[in-house]
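Have a look at the structure below, then the notes.
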Amino acid sequence: MKRKCYFLAIGIASLIMVACGSNNQGVDSRPIDDDAKADLKTSTSTAAFVEATEDSIEESYEEPKLSYDTTIEETVLLDDGTVKITAKSLEFEYNAPVLSIEFSNDGDKTLEFISGSLGYNCNSINDYMTESIYCNVSVDPGKTTVENVRLSPEELMLFGISHIKEIGIAFDIQDKEYNEYAKTGPLNISTSDADIPDSSNNTFLDGVNHGSFENITEYALDFVRVEDPIGYDSIKVLAEGMVTNSEDESTVFVEMENVSDKQLYFSSSDIEVNGLMLSSGRWQTSLVNPGKKLVYLFDISDVADHTGGTFEDLGITNLALLSFEAEVIDLNMNTLLEKRIDIPLSDEDATLENSGTEVYNANSFRILSQKIIADEYDNYHIILQVENNSSGEANFDVKYDSLSLNDEMISSFISYDVTVSPTQKGILNIEISDSALDKTSITDVTDVESAECTIEIKDEHYNDIDSPVITMTY
């Protein structure tokens, strides 16, 4: 079996946590090419990085305290004669805002009202898109039900929101057979605090600069930089930065604003760290409403996990450069902008260790066998580094039903194929599930002495270039 990773949604809520408590052979540490290094050094001057230190965080700064006096008037959000959605009240329980919504169904089919799902989320609080609002309600014909939707107070603190002035909520309405009834688009609810001014023009960035990540989450701020690497008239990037937790898991954030009058998607794909392609294809897509801000996150530790290993397993010894393909898309799925974006993560050179054993070198391509490891779920990962020295794009994948460990055939596996551009390197991850290993004599990853498979190398038009059989020894 083969699978490609096209879409993974992550939100600001993934940062909100309660504070609590390899052997490399033939290492050749080489920096990225001179032109890229020059660009990197230019964009990572000392002035570009604002590191978080005790001296840089004002002791007098206090995170905004959420007002518990905010209310709403009963508001009909949608009434088409069959479906009626009414915002009933906004109350506070256990320091969290709770929005009460009434759903009425006068039709002849049971309807599902879904908001904040991975497939459809365009909810917002004040100026910020949010992923904390979630609702999934089933209403039978002729019935009415009331659902209480909790908003995350921690997320509001990270956005610097002390007064909830407006809530935007949208619903995907379907019947039990998943037939679409309607997608409402954002339905806006004004509150009693609608006219209270914000403490700053950018409450999120203001909080970041004053220590919000350290005080609200277990993440420490590595740097924040105010610049716009995209330069597009509809999506304006306000800031970018990186935070890291106590387990050295890093997340890069990009704050942006939709300054157009239309809903737009912002998408990332083809993610590289230090010049190594870790995930080709679409990674994450988020919707941003007109006039709203989006805090777009790259959990780059998760990107490394996608390859089956850690950064150290991949030969990445420092986080110096994140690169990805940025795409702005309208609601009709037309691509309005496509641009390669580089985000320097430090002022160090981006280095990549070519650790591993060469198992293929022909047709301007090279494959290194790096290692085989077991993850926390007892699945095995064969990690290969591929290198494209040809003049065109190349896709590397594993032929179905060609994989064996210790000369025992593996009945099923997942190949996370990778597409690399000329002069580019990437990771090909072959994942073998614990259940597939049950059919072999292998009980531990240390039992694996050899692996063999057929690599399918194709050009950008998906024409065959080569299909070498490669053998790895461990």
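Chain labels run A, B, ... following the order of the structure tokens; each chain numbers its residues from 1, and ligands are numbered from 1 in the order shown.
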
| task | Tell me, as a PyMOL selection string, which residues lie within 8 Å of segment 84-97 of chain A, counting only C-alpha atoms; anything in the same chain fewer than 3 positions away does not count. | result | chain A and resi 68+70-81+100-105+150-153+189

| request: Write down as a PyMOL selection string the residues of segment 52-157 of chain A whose backbone DSSP state falls under alpha helix (DSSP H). | output: chain A and resi 153-157

For those residues, write N, CA and C atoms to a file as a tab-separated table (two decimals), in the first residue's frame.
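What landed in part26.tsv:
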chain	number	residue	atom	x	y	z
A	153	PRO	N	-9.98	30.06	26.47
A	153	PRO	CA	-9.42	31.29	27.07
A	153	PRO	C	-7.92	31.41	26.85
A	154	GLU	N	-7.20	30.28	26.75
A	154	GLU	CA	-5.76	30.33	26.50
A	154	GLU	C	-5.47	30.89	25.11
A	155	GLU	N	-6.28	30.49	24.14
A	155	GLU	CA	-6.09	31.02	22.79
A	155	GLU	C	-6.37	32.52	22.77
A	156	LEU	N	-7.41	32.95	23.48
A	156	LEU	CA	-7.71	34.37	23.54
A	156	LEU	C	-6.56	35.15	24.17
A	157	MET	N	-5.91	34.56	25.17
A	157	MET	CA	-4.76	35.22	25.78
A	157	MET	C	-3.61	35.34	24.80

| If you count only C-alpha atoms, which residues fall within 6 Å of Leu368 of chain A, apart from same-chain ones fewer than 2 positions away, as a PyMOL selection string? | chain A and resi 356-359+384-385

| request: Please provide the set of residues having any atom within 6 Å of segment 168-180 of chain A, restricted to only C-alpha atoms, with same-chain residues fewer than 2 positions apart removed, written as number ranges by chain. | output: A: 110-115, 123-124, 182-188

| note | Separating atom CA of Ser212 of chain A from atom CA of Ser192 of chain A, to the nearest tenth of an Å, is a gap of 26.4 Å

| message | Give me, as a VMD selection string, the residues of segment 52-247 of chain A that a backbone DSSP run labels strand (DSSP E). | response | chain A and resid 75 to 79 83 to 93 96 to 105 111 to 115 124 to 125 128 to 129 135 to 139 143 to 150 166 to 169 172 to 175 180 to 183 187 to 190 220 to 225 235 to 244

| said: Could you list, as a count of residues only, every residue within 12 Å of Asp466 of chain A, counting only C-alpha atoms and ignoring same-chain residues fewer than 2 positions away? | reply: 25

| task | Compile the contact shell of Ser199 of chain A as number ranges by chain: residues with an atom at most 9 Å away, counting only C-alpha atoms, same-chain residues fewer than 2 positions apart removed. | result | A: 64, 160-162, 197, 201-203

Could you save the residues just selected, with N, CA and C atoms, as a PDB file, in the first residue's frame?
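Writing the result to out-v4.pdb gives the following:
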ATOM      1  N   PRO A  64      -3.430  40.250  28.777  1.00  0.00           N
ATOM      2  CA  PRO A  64      -4.798  40.764  28.899  1.00  0.00           C
ATOM      3  C   PRO A  64      -5.668  39.812  29.704  1.00  0.00           C
ATOM      4  N   GLY A 160      -4.048  38.078  22.587  1.00  0.00           N
ATOM      5  CA  GLY A 160      -4.086  39.364  23.273  1.00  0.00           C
ATOM      6  C   GLY A 160      -5.487  39.919  23.419  1.00  0.00           C
ATOM      7  N   ILE A 161      -6.488  39.060  23.435  1.00  0.00           N
ATOM      8  CA  ILE A 161      -7.883  39.498  23.485  1.00  0.00           C
ATOM      9  C   ILE A 161      -8.370  39.543  24.933  1.00  0.00           C
ATOM     10  N   SER A 162      -8.752  40.719  25.386  1.00  0.00           N
ATOM     11  CA  SER A 162      -9.350  40.853  26.711  1.00  0.00           C
ATOM     12  C   SER A 162     -10.861  41.049  26.624  1.00  0.00           C
ATOM     13  N   PRO A 197     -12.061  49.685  22.331  1.00  0.00           N
ATOM     14  CA  PRO A 197     -10.866  49.627  21.461  1.00  0.00           C
ATOM     15  C   PRO A 197      -9.860  48.598  21.960  1.00  0.00           C
ATOM     16  N   ASN A 201      -2.587  47.734  17.796  1.00  0.00           N
ATOM     17  CA  ASN A 201      -3.030  47.400  16.445  1.00  0.00           C
ATOM     18  C   ASN A 201      -2.812  45.935  16.119  1.00  0.00           C
ATOM     19  N   ASN A 202      -1.895  45.280  16.825  1.00  0.00           N
ATOM     20  CA  ASN A 202      -1.610  43.868  16.608  1.00  0.00           C
ATOM     21  C   ASN A 202      -1.455  43.221  17.979  1.00  0.00           C
ATOM     22  N   THR A 203      -2.552  42.740  18.517  1.00  0.00           N
ATOM     23  CA  THR A 203      -2.543  42.221  19.888  1.00  0.00           C
ATOM     24  C   THR A 203      -1.714  40.946  20.017  1.00  0.00           C
TER      25      THR A 203
END

| said: Neighbouring residues of Asp401 of chain A were defined as those with any atom within 10 Å, considering only C-alpha atoms; residues of the same chain fewer than 6 positions away were excluded. Please report them as an MDAnalysis selection string. | reply: chainID A and resid 1 409:413 453:454

Closest atom pairs, residues of segment 341-385 of chain A within 10 Å of segment 263-282 of chain A, only C-alpha atoms, as CSV:
residue,atom,partner,partner_atom,distance
A:Ile341,CA,A:Ser268,CA,9.6
A:Asp342,CA,A:Glu272,CA,9.3
A:Ile343,CA,A:Val273,CA,9.7
A:Pro344,CA,A:Asn274,CA,9.4
A:Leu345,CA,A:Asn274,CA,9.7
A:Asp349,CA,A:Asn274,CA,8.7
A:Ala350,CA,A:Asn274,CA,5.0
A:Thr351,CA,A:Asn274,CA,6.3
A:Leu352,CA,A:Asn274,CA,6.7
A:Gln385,CA,A:Leu276,CA,9.0

| said: Measuring between only C-alpha atoms, which one of A:Ser346, A:Asn379, A:Ser286, A:Ser355 shows the shortest distance to Ala436 of chain A? | reply: A:Asn379

| field | Option closest in space to Leu322 of chain A, from A:Glu376, A:Asp222, A:Gly241, A:Asn334 [counting only C-alpha atoms] | value |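 When distances to Leu322 of chain A are compared using only C-alpha atoms, the smallest one comes from A:Gly241.
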
| request: To one decimal in Å, tell me the separation between atom CA of Phe159 of chain A and atom CA of Lys236 of chain A. | output: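 Computing the Euclidean distance for atom CA of Phe159 of chain A and atom CA of Lys236 of chain A yields 17.6 Å.
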